[in-house]
Structure formats: C-alpha cells, structure tokens
$ cat upload_34.cif   # mmCIF, C-alpha atoms; chains and numbers go by the auth columns
data_entry
loop_
_atom_site.group_PDB
_atom_site.id
_atom_site.type_symbol
_atom_site.label_atom_id
_atom_site.label_comp_id
_atom_site.label_asym_id
_atom_site.label_seq_id
_atom_site.Cartn_x
_atom_site.Cartn_y
_atom_site.Cartn_z
_atom_site.B_iso_or_equiv
_atom_site.auth_seq_id
_atom_site.auth_asym_id
ATOM 1 C CA MET A 1 -167.208 69.214 43.850 0.00 363 W
ATOM 2 C CA ASN A 2 -167.919 66.388 41.429 0.00 364 W
ATOM 3 C CA THR A 3 -164.502 65.243 40.202 0.00 365 W
ATOM 4 C CA ILE A 4 -166.146 63.321 37.334 0.00 366 W
ATOM 5 C CA SER A 5 -167.257 66.639 35.824 0.00 367 W
ATOM 6 C CA TYR A 6 -163.687 67.948 35.918 0.00 368 W
ATOM 7 C CA LYS A 7 -162.281 64.769 34.388 0.00 369 W
ATOM 8 C CA ALA A 8 -164.992 64.561 31.698 0.00 370 W
ATOM 9 C CA GLY A 9 -164.425 68.212 30.838 0.00 371 W
ATOM 10 C CA TYR A 10 -160.665 67.761 30.695 0.00 372 W
ATOM 11 C CA TRP A 11 -160.753 64.731 28.404 0.00 373 W
ATOM 12 C CA SER A 12 -163.457 66.189 26.176 0.00 374 W
ATOM 13 C CA ALA A 13 -161.363 69.354 25.763 0.00 375 W
ATOM 14 C CA LEU A 14 -158.355 67.226 24.854 0.00 376 W
ATOM 15 C CA LEU A 15 -160.393 65.278 22.298 0.00 377 W
ATOM 16 C CA ILE A 16 -161.669 68.534 20.780 0.00 378 W
ATOM 17 C CA LEU A 17 -158.072 69.601 20.215 0.00 379 W
ATOM 18 C CA ILE A 18 -157.250 66.217 18.682 0.00 380 W
ATOM 19 C CA CYS A 19 -160.299 66.409 16.398 0.00 381 W
ATOM 20 C CA PHE A 20 -159.509 69.861 15.076 0.00 382 W
ATOM 21 C CA PHE A 21 -155.757 69.399 14.690 0.00 383 W
ATOM 22 C CA SER A 22 -156.488 66.135 12.866 0.00 384 W
ATOM 23 C CA TRP A 23 -159.021 67.978 10.712 0.00 385 W
ATOM 24 C CA ILE A 24 -156.310 70.492 9.768 0.00 386 W
ATOM 25 C CA VAL A 25 -153.989 67.641 8.787 0.00 387 W
ATOM 26 C CA CYS A 26 -156.755 66.061 6.701 0.00 388 W
ATOM 27 C CA PHE A 27 -157.653 69.389 5.103 0.00 389 W
ATOM 28 C CA THR A 28 -153.998 69.874 4.152 0.00 390 W
ATOM 29 C CA GLY A 29 -153.873 66.343 2.769 0.00 391 W
ATOM 30 C CA ILE A 30 -156.977 67.008 0.662 0.00 392 W
ATOM 31 C CA ALA A 31 -155.404 70.187 -0.744 0.00 393 W
ATOM 32 C CA PHE A 32 -152.224 68.363 -1.793 0.00 394 W
ATOM 33 C CA SER A 33 -153.804 65.132 -3.044 0.00 395 W
ATOM 34 C CA SER A 34 -156.564 66.544 -5.258 0.00 396 W
ATOM 35 C CA PRO A 35 -157.662 69.773 -6.926 0.00 397 W
ATOM 36 C CA LEU A 36 -160.390 71.915 -5.397 0.00 398 W
ATOM 37 C CA PHE A 37 -163.795 70.453 -6.277 0.00 399 W
ATOM 38 C CA TYR A 38 -166.710 72.689 -7.289 0.00 400 W
ATOM 39 C CA TRP A 39 -170.126 71.101 -7.482 0.00 401 W
ATOM 40 C CA THR A 40 -171.599 71.039 -10.988 0.00 402 W
ATOM 41 C CA ASN A 41 -173.537 67.784 -11.305 0.00 403 W
ATOM 42 C CA LEU A 42 -173.600 64.212 -10.052 0.00 404 W
ATOM 43 C CA GLN A 43 -171.606 62.733 -12.950 0.00 405 W
ATOM 44 C CA ASP A 44 -168.719 65.167 -12.434 0.00 406 W
ATOM 45 C CA TYR A 45 -168.737 64.330 -8.743 0.00 407 W
ATOM 46 C CA LEU A 46 -168.593 60.577 -9.390 0.00 408 W
ATOM 47 C CA LEU A 47 -165.724 61.074 -11.848 0.00 409 W
ATOM 48 C CA PHE A 48 -163.868 63.107 -9.222 0.00 410 W
ATOM 49 C CA GLU A 49 -164.456 60.389 -6.615 0.00 411 W
ATOM 50 C CA ARG A 50 -163.006 57.706 -8.895 0.00 412 W
ATOM 51 C CA THR A 51 -160.048 59.826 -9.984 0.00 413 W
ATOM 52 C CA TYR A 52 -158.676 61.086 -6.676 0.00 414 W
ATOM 53 C CA PRO A 53 -158.097 59.343 -3.317 0.00 415 W
ATOM 54 C CA GLN A 54 -160.782 59.919 -0.701 0.00 416 W
ATOM 55 C CA TYR A 55 -159.091 58.757 2.507 0.00 417 W
ATOM 56 C CA PHE A 56 -158.386 62.279 3.761 0.00 418 W
ATOM 57 C CA GLN A 57 -162.021 63.258 3.181 0.00 419 W
ATOM 58 C CA LEU A 58 -163.257 60.184 5.036 0.00 420 W
ATOM 59 C CA ALA A 59 -160.869 60.752 7.930 0.00 421 W
ATOM 60 C CA ALA A 60 -161.921 64.410 8.249 0.00 422 W
ATOM 61 C CA LYS A 61 -165.583 63.379 8.365 0.00 423 W
ATOM 62 C CA ALA A 62 -164.820 60.752 11.016 0.00 424 W
ATOM 63 C CA PHE A 63 -163.124 63.320 13.272 0.00 425 W
ATOM 64 C CA MET A 64 -166.050 65.727 12.865 0.00 426 W
ATOM 65 C CA LEU A 65 -168.445 62.879 13.701 0.00 427 W
ATOM 66 C CA LEU A 66 -166.496 62.379 16.932 0.00 428 W
ATOM 67 C CA PHE A 67 -166.498 66.093 17.694 0.00 429 W
ATOM 68 C CA GLY A 68 -170.297 66.271 18.035 0.00 430 W
ATOM 69 C CA PRO A 69 -170.728 64.121 21.167 0.00 431 W
ATOM 70 C CA VAL A 70 -167.426 65.324 22.630 0.00 432 W
ATOM 71 C CA TYR A 71 -168.641 68.925 22.474 0.00 433 W
ATOM 72 C CA VAL A 72 -171.837 67.904 24.310 0.00 434 W
ATOM 73 C CA VAL A 73 -169.737 66.339 27.085 0.00 435 W
ATOM 74 C CA LEU A 74 -167.693 69.549 27.377 0.00 436 W
ATOM 75 C CA ILE A 75 -170.787 71.749 27.697 0.00 437 W
ATOM 76 C CA ASN A 76 -172.352 69.290 30.157 0.00 438 W
ATOM 77 C CA SER A 77 -169.261 69.592 32.361 0.00 439 W
ATOM 78 C CA LEU A 78 -169.532 73.384 32.242 0.00 440 W
ATOM 79 C CA TYR A 79 -173.195 73.076 33.212 0.00 441 W
ATOM 80 C CA ASP A 80 -172.356 70.786 36.154 0.00 442 W
ATOM 81 C CA LEU A 81 -169.887 73.334 37.515 0.00 443 W
ATOM 82 C CA ALA A 82 -172.008 76.438 36.924 0.00 444 W
ATOM 83 C CA LEU A 83 -173.058 78.594 39.836 0.00 445 W
ATOM 84 C CA PRO A 84 -176.772 78.348 40.745 0.00 446 W
ATOM 85 C CA SER A 85 -177.355 81.830 39.323 0.00 447 W
ATOM 86 C CA ARG A 86 -175.924 80.700 35.950 0.00 448 W
ATOM 87 C CA LYS A 87 -177.484 77.227 35.750 0.00 449 W
ATOM 88 C CA THR A 88 -180.317 78.276 33.450 0.00 450 W
ATOM 89 C CA VAL A 89 -177.957 79.903 30.937 0.00 451 W
ATOM 90 C CA ALA A 90 -175.607 76.905 31.074 0.00 452 W
ATOM 91 C CA ARG A 91 -178.555 74.513 30.574 0.00 453 W
ATOM 92 C CA ILE A 92 -179.612 76.408 27.449 0.00 454 W
ATOM 93 C CA ALA A 93 -176.045 76.081 26.119 0.00 455 W
ATOM 94 C CA LEU A 94 -176.244 72.341 26.798 0.00 456 W
ATOM 95 C CA LEU A 95 -179.588 71.968 24.991 0.00 457 W
ATOM 96 C CA PHE A 96 -178.327 73.802 21.921 0.00 458 W
ATOM 97 C CA SER A 97 -175.183 71.625 21.963 0.00 459 W
ATOM 98 C CA LEU A 98 -177.421 68.537 21.790 0.00 460 W
ATOM 99 C CA ALA A 99 -179.281 69.992 18.789 0.00 461 W
ATOM 100 C CA PHE A 100 -175.931 70.697 17.108 0.00 462 W
ATOM 101 C CA ALA A 101 -174.649 67.179 17.757 0.00 463 W
ATOM 102 C CA ILE A 102 -177.805 65.559 16.358 0.00 464 W
ATOM 103 C CA CYS A 103 -177.633 67.555 13.105 0.00 465 W
ATOM 104 C CA SER A 104 -173.887 67.183 12.671 0.00 466 W
ATOM 105 C CA CYS A 105 -173.571 63.515 13.636 0.00 467 W
ATOM 106 C CA LEU A 106 -176.528 62.511 11.471 0.00 468 W
ATOM 107 C CA HIS A 107 -174.921 64.248 8.508 0.00 469 W
ATOM 108 C CA TYR A 108 -171.436 62.773 8.942 0.00 470 W
ATOM 109 C CA PHE A 109 -172.665 59.272 9.736 0.00 471 W
ATOM 110 C CA ILE A 110 -174.740 59.273 6.555 0.00 472 W
ATOM 111 C CA GLN A 111 -171.711 60.455 4.563 0.00 473 W
ATOM 112 C CA LEU A 112 -169.487 57.713 6.009 0.00 474 W
ATOM 113 C CA SER A 113 -172.045 54.935 5.707 0.00 475 W
ATOM 114 C CA SER A 114 -175.027 55.258 3.370 0.00 476 W
ATOM 115 C CA VAL A 115 -173.506 57.692 0.859 0.00 477 W
ATOM 116 C CA ARG A 116 -170.147 55.928 0.671 0.00 478 W
ATOM 117 C CA ILE A 117 -171.663 52.457 0.326 0.00 479 W
ATOM 118 C CA ASN A 118 -174.226 53.504 -2.286 0.00 480 W
ATOM 119 C CA VAL A 119 -171.620 55.288 -4.397 0.00 481 W
ATOM 120 C CA GLU A 120 -169.306 52.264 -4.230 0.00 482 W
ATOM 121 C CA HIS A 121 -172.137 50.012 -5.447 0.00 483 W
ATOM 122 C CA GLY A 122 -173.386 52.411 -8.101 0.00 484 W
ATOM 123 C CA GLN A 123 -176.715 52.996 -6.358 0.00 485 W
ATOM 124 C CA ILE A 124 -176.926 56.707 -7.098 0.00 486 W
ATOM 125 C CA GLY A 125 -180.628 57.380 -7.686 0.00 487 W
ATOM 126 C CA GLY A 126 -181.596 60.546 -5.772 0.00 488 W
ATOM 127 C CA ILE A 127 -178.287 60.634 -3.933 0.00 489 W
ATOM 128 C CA GLU A 128 -177.616 64.275 -4.849 0.00 490 W
ATOM 129 C CA GLN A 129 -179.718 65.428 -1.890 0.00 491 W
ATOM 130 C CA PHE A 130 -177.487 63.514 0.539 0.00 492 W
ATOM 131 C CA LEU A 131 -174.051 64.495 -0.764 0.00 493 W
ATOM 132 C CA GLN A 132 -171.893 66.833 1.283 0.00 494 W
ATOM 133 C CA ALA A 133 -170.187 67.837 -1.975 0.00 495 W
ATOM 134 C CA ASN A 134 -173.494 69.364 -3.122 0.00 496 W
ATOM 135 C CA PRO A 135 -173.487 72.647 -1.148 0.00 497 W
ATOM 136 C CA TYR A 136 -177.280 73.020 -1.229 0.00 498 W
ATOM 137 C CA SER A 137 -178.378 69.437 -0.702 0.00 499 W
ATOM 138 C CA PHE A 138 -180.835 68.533 2.059 0.00 500 W
ATOM 139 C CA MET A 139 -178.126 66.926 4.225 0.00 501 W
ATOM 140 C CA THR A 140 -175.682 69.806 3.775 0.00 502 W
ATOM 141 C CA ALA A 141 -178.409 72.235 4.836 0.00 503 W
ATOM 142 C CA ALA A 142 -179.139 70.124 7.944 0.00 504 W
ATOM 143 C CA ASP A 143 -175.440 70.058 8.781 0.00 505 W
ATOM 144 C CA MET A 144 -175.151 73.817 8.325 0.00 506 W
ATOM 145 C CA LEU A 145 -178.151 74.303 10.612 0.00 507 W
ATOM 146 C CA GLY A 146 -176.154 72.518 13.300 0.00 508 W
ATOM 147 C CA TRP A 147 -172.825 74.262 12.680 0.00 509 W
ATOM 148 C CA THR A 148 -174.281 77.753 12.310 0.00 510 W
ATOM 149 C CA LEU A 149 -177.422 78.268 14.396 0.00 511 W
ATOM 150 C CA PHE A 150 -177.190 75.588 17.097 0.00 512 W
ATOM 151 C CA LEU A 151 -173.413 75.610 17.649 0.00 513 W
ATOM 152 C CA GLY A 152 -173.437 79.403 17.532 0.00 514 W
ATOM 153 C CA LEU A 153 -176.183 79.737 20.132 0.00 515 W
ATOM 154 C CA SER A 154 -174.634 77.044 22.328 0.00 516 W
ATOM 155 C CA SER A 155 -171.300 78.886 22.330 0.00 517 W
ATOM 156 C CA LEU A 156 -172.895 82.261 23.056 0.00 518 W
ATOM 157 C CA PHE A 157 -174.871 80.905 26.012 0.00 519 W
ATOM 158 C CA ALA A 158 -171.721 79.118 27.271 0.00 520 W
ATOM 159 C CA PHE A 159 -169.924 82.466 27.008 0.00 521 W
ATOM 160 C CA ALA A 160 -172.656 84.035 29.146 0.00 522 W
ATOM 161 C CA ALA A 161 -172.436 81.210 31.709 0.00 523 W
ATOM 162 C CA ILE A 162 -168.725 81.633 32.427 0.00 524 W
ATOM 163 C CA LYS A 163 -167.797 84.116 35.149 0.00 525 W
ATOM 164 C CA LYS A 164 -165.917 87.288 34.250 0.00 526 W
ATOM 165 C CA GLU A 165 -162.583 86.479 35.813 0.00 527 W
ATOM 166 C CA ARG A 166 -159.062 86.990 34.543 0.00 528 W
ATOM 167 C CA THR A 167 -158.363 83.254 34.547 0.00 529 W
ATOM 168 C CA ASN A 168 -161.442 82.599 32.395 0.00 530 W
ATOM 169 C CA LYS A 169 -160.908 85.489 29.980 0.00 531 W
ATOM 170 C CA TRP A 170 -159.616 83.584 26.956 0.00 532 W
ATOM 171 C CA LEU A 171 -162.111 80.764 27.271 0.00 533 W
ATOM 172 C CA LYS A 172 -164.924 83.325 27.253 0.00 534 W
ATOM 173 C CA ILE A 173 -163.390 85.074 24.239 0.00 535 W
ATOM 174 C CA SER A 174 -163.025 81.765 22.365 0.00 536 W
ATOM 175 C CA MET A 175 -166.679 80.914 23.020 0.00 537 W
ATOM 176 C CA LEU A 176 -167.751 84.389 21.891 0.00 538 W
ATOM 177 C CA VAL A 177 -165.702 84.249 18.688 0.00 539 W
ATOM 178 C CA ASN A 178 -167.024 80.759 17.946 0.00 540 W
ATOM 179 C CA GLY A 179 -170.621 81.850 18.448 0.00 541 W
ATOM 180 C CA ILE A 180 -170.312 84.927 16.248 0.00 542 W
ATOM 181 C CA SER A 181 -168.385 83.036 13.540 0.00 543 W
ATOM 182 C CA SER A 182 -171.015 80.295 13.440 0.00 544 W
ATOM 183 C CA LEU A 183 -173.895 82.729 13.014 0.00 545 W
ATOM 184 C CA LEU A 184 -172.080 84.778 10.372 0.00 546 W
ATOM 185 C CA GLY A 185 -171.252 81.570 8.513 0.00 547 W
ATOM 186 C CA GLY A 186 -174.959 80.783 8.523 0.00 548 W
ATOM 187 C CA ILE A 187 -175.749 84.160 7.003 0.00 549 W
ATOM 188 C CA GLY A 188 -173.209 83.449 4.271 0.00 550 W
ATOM 189 C CA TYR A 189 -174.832 80.092 3.574 0.00 551 W
ATOM 190 C CA LEU A 190 -178.381 81.470 3.474 0.00 552 W
ATOM 191 C CA PHE A 191 -177.460 84.288 1.085 0.00 553 W
ATOM 192 C CA GLN A 192 -175.199 82.073 -1.079 0.00 554 W
ATOM 193 C CA LEU A 193 -171.965 83.857 -0.187 0.00 555 W
ATOM 194 C CA PRO A 194 -169.528 80.913 -0.199 0.00 556 W
ATOM 195 C CA LEU A 195 -166.448 83.007 0.630 0.00 557 W
ATOM 196 C CA LEU A 196 -168.147 84.382 3.755 0.00 558 W
ATOM 197 C CA THR A 197 -169.205 80.876 4.761 0.00 559 W
ATOM 198 C CA PHE A 198 -165.698 79.503 4.195 0.00 560 W
ATOM 199 C CA ILE A 199 -164.022 82.263 6.208 0.00 561 W
ATOM 200 C CA PHE A 200 -166.311 82.075 9.227 0.00 562 W
ATOM 201 C CA ILE A 201 -166.966 78.311 9.337 0.00 563 W
ATOM 202 C CA ASN A 202 -163.590 76.890 8.327 0.00 564 W
ATOM 203 C CA LEU A 203 -161.296 79.602 9.669 0.00 565 W
ATOM 204 C CA GLY A 204 -163.436 81.311 12.314 0.00 566 W
ATOM 205 C CA VAL A 205 -165.035 78.262 13.909 0.00 567 W
ATOM 206 C CA GLY A 206 -161.967 76.095 13.304 0.00 568 W
ATOM 207 C CA GLY A 207 -159.652 78.558 15.050 0.00 569 W
ATOM 208 C CA ALA A 208 -162.112 79.395 17.814 0.00 570 W
ATOM 209 C CA MET A 209 -162.745 75.730 18.644 0.00 571 W
ATOM 210 C CA ILE A 210 -159.016 75.131 18.983 0.00 572 W
ATOM 211 C CA GLY A 211 -159.072 78.013 21.457 0.00 573 W
ATOM 212 C CA VAL A 212 -162.089 76.524 23.255 0.00 574 W
ATOM 213 C CA GLY A 213 -160.327 73.170 23.501 0.00 575 W
ATOM 214 C CA PHE A 214 -157.030 74.615 24.726 0.00 576 W
ATOM 215 C CA PHE A 215 -158.441 77.025 27.305 0.00 577 W
ATOM 216 C CA SER A 216 -161.011 74.474 28.491 0.00 578 W
ATOM 217 C CA LEU A 217 -158.132 72.075 29.058 0.00 579 W
ATOM 218 C CA LYS A 218 -156.467 74.612 31.352 0.00 580 W
ATOM 219 C CA PHE A 219 -159.833 75.485 32.901 0.00 581 W
ATOM 220 C CA PHE A 220 -160.641 71.931 34.004 0.00 582 W
ATOM 221 C CA ARG A 221 -157.080 71.082 35.048 0.00 583 W
ATOM 222 C CA ARG A 222 -156.983 74.143 37.284 0.00 584 W
ATOM 223 C CA GLY A 223 -160.483 73.453 38.590 0.00 585 W
ATOM 224 C CA GLU A 224 -159.711 69.884 39.612 0.00 586 W
ATOM 225 C CA THR A 225 -156.617 71.076 41.495 0.00 587 W
ATOM 226 C CA MET A 226 -158.390 73.949 43.254 0.00 588 W
ATOM 227 C CA ARG A 227 -161.615 72.006 43.921 0.00 589 W
ATOM 228 C CA GLU A 228 -163.814 75.050 43.416 0.00 590 W
ATOM 229 C CA THR A 229 -166.528 76.191 41.077 0.00 591 W
ATOM 230 C CA LEU A 230 -164.953 78.167 38.274 0.00 592 W
ATOM 231 C CA ILE A 231 -168.033 79.281 36.357 0.00 593 W
#
$ encode --input "upload_34.cif" --output "structure tokens"
Amino acid sequence: MNTISYKAGYWSALLILICFFSWIVCFTGIAFSSPLFYWTNLQDYLLFERTYPQYFQLAAKAFMLLFGPVYVVLINSLYDLALPSRKTVARIALLFSLAFAICSCLHYFIQLSSVRINVEHGQIGGIEQFLQANPYSFMTAADMLGWTLFLGLSSLFAFAAIKKERTNKWLKISMLVNGISSLLGGIGYLFQLPLLTFIFINLGVGGAMIGVGFFSLKFFRRGETMRETLI
C-alpha cells in the first residue's frame, strides 16, 4: 500500500480537527467581544467594523480558508485507498470536494484580502456584493454553493465509498450526517430560513466535520499499522 496516502490522510484529518476547534474558539471570541450583527445596510456594517474588534472574525476565516484544501487531501487519500469496485464513487467524492474547495477558498481569500483592504482604505463602491456579512451577496451565495451542495455531495459519495465494517461505522455516520446537514442548510438558505441554515451549517456541519476529522484520524492510523485497504 502507498504509505504516503496514509500519512497525507492522517495529517489532513488532524488539520481538520485543528481548523474546526480553532473555529469554535474564534466563534466564542466573536460572541463575547461584540454583539450579534444583523445585516441592514453598508453604512451600519462599516460602523460595526470600526466599533468592534475583528481579529476573531479574520482568524475564523483564515482557518476556513485552510480547511478547503485540507479536505481535498483527505478525500484524495480515501480515493487512493478505495477498493477497485468503489473507485468510481470515491472519485466522484473527490471531484465534488474540489468544487467545494474552489468556491470556499475563493470566498474566504476575497474576504481576507480584497474586502479587508478596500474597507480599510474606504474604497467601498459596490462592495456589498462581496461582503460575507451580507447574507445574500454574490460571494456569500458562491460560498454557500460550496458548503451546501458540493460539500454535501462529496460527503455522501465518500460515505458510499467506505466499506460497511464495524471499525468504519462512525466515520461513515459522520460523513452521512455531514452530507445531509449540508444539503438541508442549502435548503434553508434558498428559502430564506436563517435558523435552519444556522442549525445545519454551523451546528450540523461543524459537529459532523469534527467527527470526520477524529474518526479519519483513527482510520488512517490503523490503516498504516495494518497495511491493508480499509475502504
């Protein structure tokens, strides 16, 4: 077996855990350092930005930017170790993970670079369509496309690619929960049901991805020791 696939899978799983636990810390920091922000208009947003510290928001976005490519590496490792009969399903999971990473990373990189720099310099013409704070901006919609449809489908196909064995049970369940939560979060976004979106994206996907990271960590550690195909 290719030991690089085991090692890449192991370290990507570890980084997923780091990303999401760090995101929880940042989310907690945001809650304690500033009131909850509801989008009304650009001027209110700019006033909020100047009034309250933004370092937790920036850190959370940086960890989610890192998560995109790390998730692709994880799914690629699963694909490498898939049985021949499951290669096609695992490849589809990998392709959807790439689509997710492109949407998500584009969004977060723009938030950390172009949006931040333009706001700092007062160049705000037309910026509403690029703000993550605007729940129905162009960039937020692109990001939600990644986190709902593409991440959801990638997780569901990864679930289908993993063998039904007792040792793989919780990894399969985590992938299934993540896939369903992503798609339901997308329904909430499309039909303007913010509570549904919050529950399934922040809590559902957040919790499920911690499970994916943890059980993938055990999966690849065990696989490297046993030197056998596990999926």
$ resolve_selection --input "upload_34.cif" --expression "the PyMOL selection byres ((chain W and resi 411-417) around 9)" --output "PyMOL selection string"
chain W and resi 388+392+395-397+406-410+418-422
$ closest_residue --input "upload_34.cif" --among "W:Leu493, W:Val435, W:Val451, W:Leu377" --to "Ala522 of chain W" --atoms "only C-alpha atoms"
W:Val451
$ closest_residue --input "upload_34.cif" --among "W:Leu533, W:Ala461, W:Ile561, W:Met426" --to "Leu515 of chain W" --atoms "all atoms listed in the file"
W:Ala461
$ closest_residue --input "upload_34.cif" --among "W:Asn438, W:Gln491, W:Asn480, W:Asn530" --to "Lys580 of chain W" --atoms "only C-alpha atoms"
W:Asn530
$ axis_aligned_box --input "upload_34.cif" --around "segment 558-569 of chain W" --padding-each-side "3 Å" --output "JSON"
{"center_x": -164.4, "center_y": 80.2, "center_z": 9.4, "size_x": 15.6, "size_y": 14.3, "size_z": 17.3}
$ atom_distance --input "upload_34.cif" --atom1 "atom CA of Ala520 of chain W" --atom2 "atom CA of Asn540 of chain W"
10.6 Å
$ atom_distance --input "upload_34.cif" --atom1 "atom CA of Ser543 of chain W" --atom2 "atom CA of Ala370 of chain W"
26.1 Å
$ residues_near_point --input "upload_34.cif" --point "(-181.6, 67.4, 5.3)" --cutoff "12 Å" --atoms "only C-alpha atoms" --output "list in words"
Ile464, Cys465, Ser466, Leu468, His469, Tyr470, Ile472, Ile489, Glu490, Gln491, Phe492, Leu493, Gln494, Asn496, Pro497, Tyr498, Ser499, Phe500, Met501, Thr502, Ala503, Ala504, Asp505, Met506, Leu507 and Gly508 of chain W
$ closest_residue --input "upload_34.cif" --among "W:Val387, W:Val574, W:Ala452, W:Ile380" --to "Lys534 of chain W" --atoms "all atoms listed in the file"
W:Val574
$ residues_around --input "upload_34.cif" --residues "Gly547 of chain W" --least-positions-apart "4" --cutoff "8 Å" --atoms "only C-alpha atoms" --output "VMD selection string"
chain W and resid 510 543 551 558 to 563
$ closest_residue --input "upload_34.cif" --among "W:Gly488, W:Pro556, W:Val481, W:Asn564" --to "Tyr400 of chain W" --atoms "all atoms listed in the file"
W:Pro556
$ resolve_selection --input "upload_34.cif" --expression "the PyMOL selection byres ((chain W and resi 434) around 8)" --output "PDB file with C-alpha atoms, keeping the file's coordinate frame"
ATOM      1  CA  GLY W 430    -170.297  66.271  18.035  1.00  0.00           C
ATOM      2  CA  PRO W 431    -170.728  64.121  21.167  1.00  0.00           C
ATOM      3  CA  VAL W 432    -167.426  65.324  22.630  1.00  0.00           C
ATOM      4  CA  TYR W 433    -168.641  68.925  22.474  1.00  0.00           C
ATOM      5  CA  VAL W 435    -169.737  66.339  27.085  1.00  0.00           C
ATOM      6  CA  LEU W 436    -167.693  69.549  27.377  1.00  0.00           C
ATOM      7  CA  ILE W 437    -170.787  71.749  27.697  1.00  0.00           C
ATOM      8  CA  ASN W 438    -172.352  69.290  30.157  1.00  0.00           C
ATOM      9  CA  LEU W 456    -176.244  72.341  26.798  1.00  0.00           C
ATOM     10  CA  SER W 459    -175.183  71.625  21.963  1.00  0.00           C
ATOM     11  CA  LEU W 460    -177.421  68.537  21.790  1.00  0.00           C
ATOM     12  CA  ALA W 463    -174.649  67.179  17.757  1.00  0.00           C
TER      13      ALA W 463
END
$ resolve_selection --input "upload_34.cif" --expression "the PyMOL selection byres ((chain W and resi 568) around 12)" --output "PyMOL selection string"
chain W and resi 378-379+381-386+389+426+429+509+536-537+539-541+543-544+547+560-567+569-575
$ write_last_selection --input "upload_34.cif" --atoms "C-alpha atoms" --output "PDB file, in the frame of the given file"
ATOM      1  CA  ILE W 378    -161.669  68.534  20.780  1.00  0.00           C
ATOM      2  CA  LEU W 379    -158.072  69.601  20.215  1.00  0.00           C
ATOM      3  CA  CYS W 381    -160.299  66.409  16.398  1.00  0.00           C
ATOM      4  CA  PHE W 382    -159.509  69.861  15.076  1.00  0.00           C
ATOM      5  CA  PHE W 383    -155.757  69.399  14.690  1.00  0.00           C
ATOM      6  CA  SER W 384    -156.488  66.135  12.866  1.00  0.00           C
ATOM      7  CA  TRP W 385    -159.021  67.978  10.712  1.00  0.00           C
ATOM      8  CA  ILE W 386    -156.310  70.492   9.768  1.00  0.00           C
ATOM      9  CA  PHE W 389    -157.653  69.389   5.103  1.00  0.00           C
ATOM     10  CA  MET W 426    -166.050  65.727  12.865  1.00  0.00           C
ATOM     11  CA  PHE W 429    -166.498  66.093  17.694  1.00  0.00           C
ATOM     12  CA  TRP W 509    -172.825  74.262  12.680  1.00  0.00           C
ATOM     13  CA  SER W 536    -163.025  81.765  22.365  1.00  0.00           C
ATOM     14  CA  MET W 537    -166.679  80.914  23.020  1.00  0.00           C
ATOM     15  CA  VAL W 539    -165.702  84.249  18.688  1.00  0.00           C
ATOM     16  CA  ASN W 540    -167.024  80.759  17.946  1.00  0.00           C
ATOM     17  CA  GLY W 541    -170.621  81.850  18.448  1.00  0.00           C
ATOM     18  CA  SER W 543    -168.385  83.036  13.540  1.00  0.00           C
ATOM     19  CA  SER W 544    -171.015  80.295  13.440  1.00  0.00           C
ATOM     20  CA  GLY W 547    -171.252  81.570   8.513  1.00  0.00           C
ATOM     21  CA  PHE W 560    -165.698  79.503   4.195  1.00  0.00           C
ATOM     22  CA  ILE W 561    -164.022  82.263   6.208  1.00  0.00           C
ATOM     23  CA  PHE W 562    -166.311  82.075   9.227  1.00  0.00           C
ATOM     24  CA  ILE W 563    -166.966  78.311   9.337  1.00  0.00           C
ATOM     25  CA  ASN W 564    -163.590  76.890   8.327  1.00  0.00           C
ATOM     26  CA  LEU W 565    -161.296  79.602   9.669  1.00  0.00           C
ATOM     27  CA  GLY W 566    -163.436  81.311  12.314  1.00  0.00           C
ATOM     28  CA  VAL W 567    -165.035  78.262  13.909  1.00  0.00           C
ATOM     29  CA  GLY W 569    -159.652  78.558  15.050  1.00  0.00           C
ATOM     30  CA  ALA W 570    -162.112  79.395  17.814  1.00  0.00           C
ATOM     31  CA  MET W 571    -162.745  75.730  18.644  1.00  0.00           C
ATOM     32  CA  ILE W 572    -159.016  75.131  18.983  1.00  0.00           C
ATOM     33  CA  GLY W 573    -159.072  78.013  21.457  1.00  0.00           C
ATOM     34  CA  VAL W 574    -162.089  76.524  23.255  1.00  0.00           C
ATOM     35  CA  GLY W 575    -160.327  73.170  23.501  1.00  0.00           C
TER      36      GLY W 575
END
$ closest_residue --input "upload_34.cif" --among "W:Leu440, W:Ile486, W:Leu457, W:Leu555" --to "Phe521 of chain W" --atoms "all atoms listed in the file"
W:Leu440
$ decode --input "upload_34.cif" --residues "segment 497-508 of chain W" --atoms "N, CA and C atoms" --output "tab-separated table (two decimals), in the first residue's frame"
chain	number	residue	atom	x	y	z
W	497	PRO	N	-25.90	38.50	3.87
W	497	PRO	CA	-26.23	37.08	3.69
W	497	PRO	C	-26.64	36.70	2.28
W	498	TYR	N	-27.01	37.67	1.44
W	498	TYR	CA	-27.46	37.34	0.09
W	498	TYR	C	-26.61	38.03	-0.98
W	499	SER	N	-25.36	38.30	-0.63
W	499	SER	CA	-24.44	38.86	-1.61
W	499	SER	C	-24.00	37.76	-2.58
W	500	PHE	N	-23.40	38.18	-3.69
W	500	PHE	CA	-22.90	37.23	-4.69
W	500	PHE	C	-21.88	36.27	-4.07
W	501	MET	N	-20.92	36.79	-3.30
W	501	MET	CA	-19.87	35.95	-2.75
W	501	MET	C	-20.40	35.01	-1.67
W	502	THR	N	-21.36	35.47	-0.87
W	502	THR	CA	-21.95	34.59	0.13
W	502	THR	C	-22.69	33.45	-0.55
W	503	ALA	N	-23.40	33.76	-1.64
W	503	ALA	CA	-24.11	32.71	-2.37
W	503	ALA	C	-23.13	31.68	-2.95
W	504	ALA	N	-22.00	32.15	-3.48
W	504	ALA	CA	-20.99	31.24	-4.02
W	504	ALA	C	-20.42	30.35	-2.92
W	505	ASP	N	-20.18	30.95	-1.76
W	505	ASP	CA	-19.67	30.18	-0.63
W	505	ASP	C	-20.68	29.14	-0.18
W	506	MET	N	-21.94	29.53	-0.11
W	506	MET	CA	-22.99	28.59	0.30
W	506	MET	C	-23.16	27.47	-0.72
W	507	LEU	N	-22.96	27.77	-1.99
W	507	LEU	CA	-22.98	26.71	-3.00
W	507	LEU	C	-21.94	25.64	-2.66
W	508	GLY	N	-20.76	26.09	-2.25
W	508	GLY	CA	-19.71	25.14	-1.89
W	508	GLY	C	-20.05	24.36	-0.63
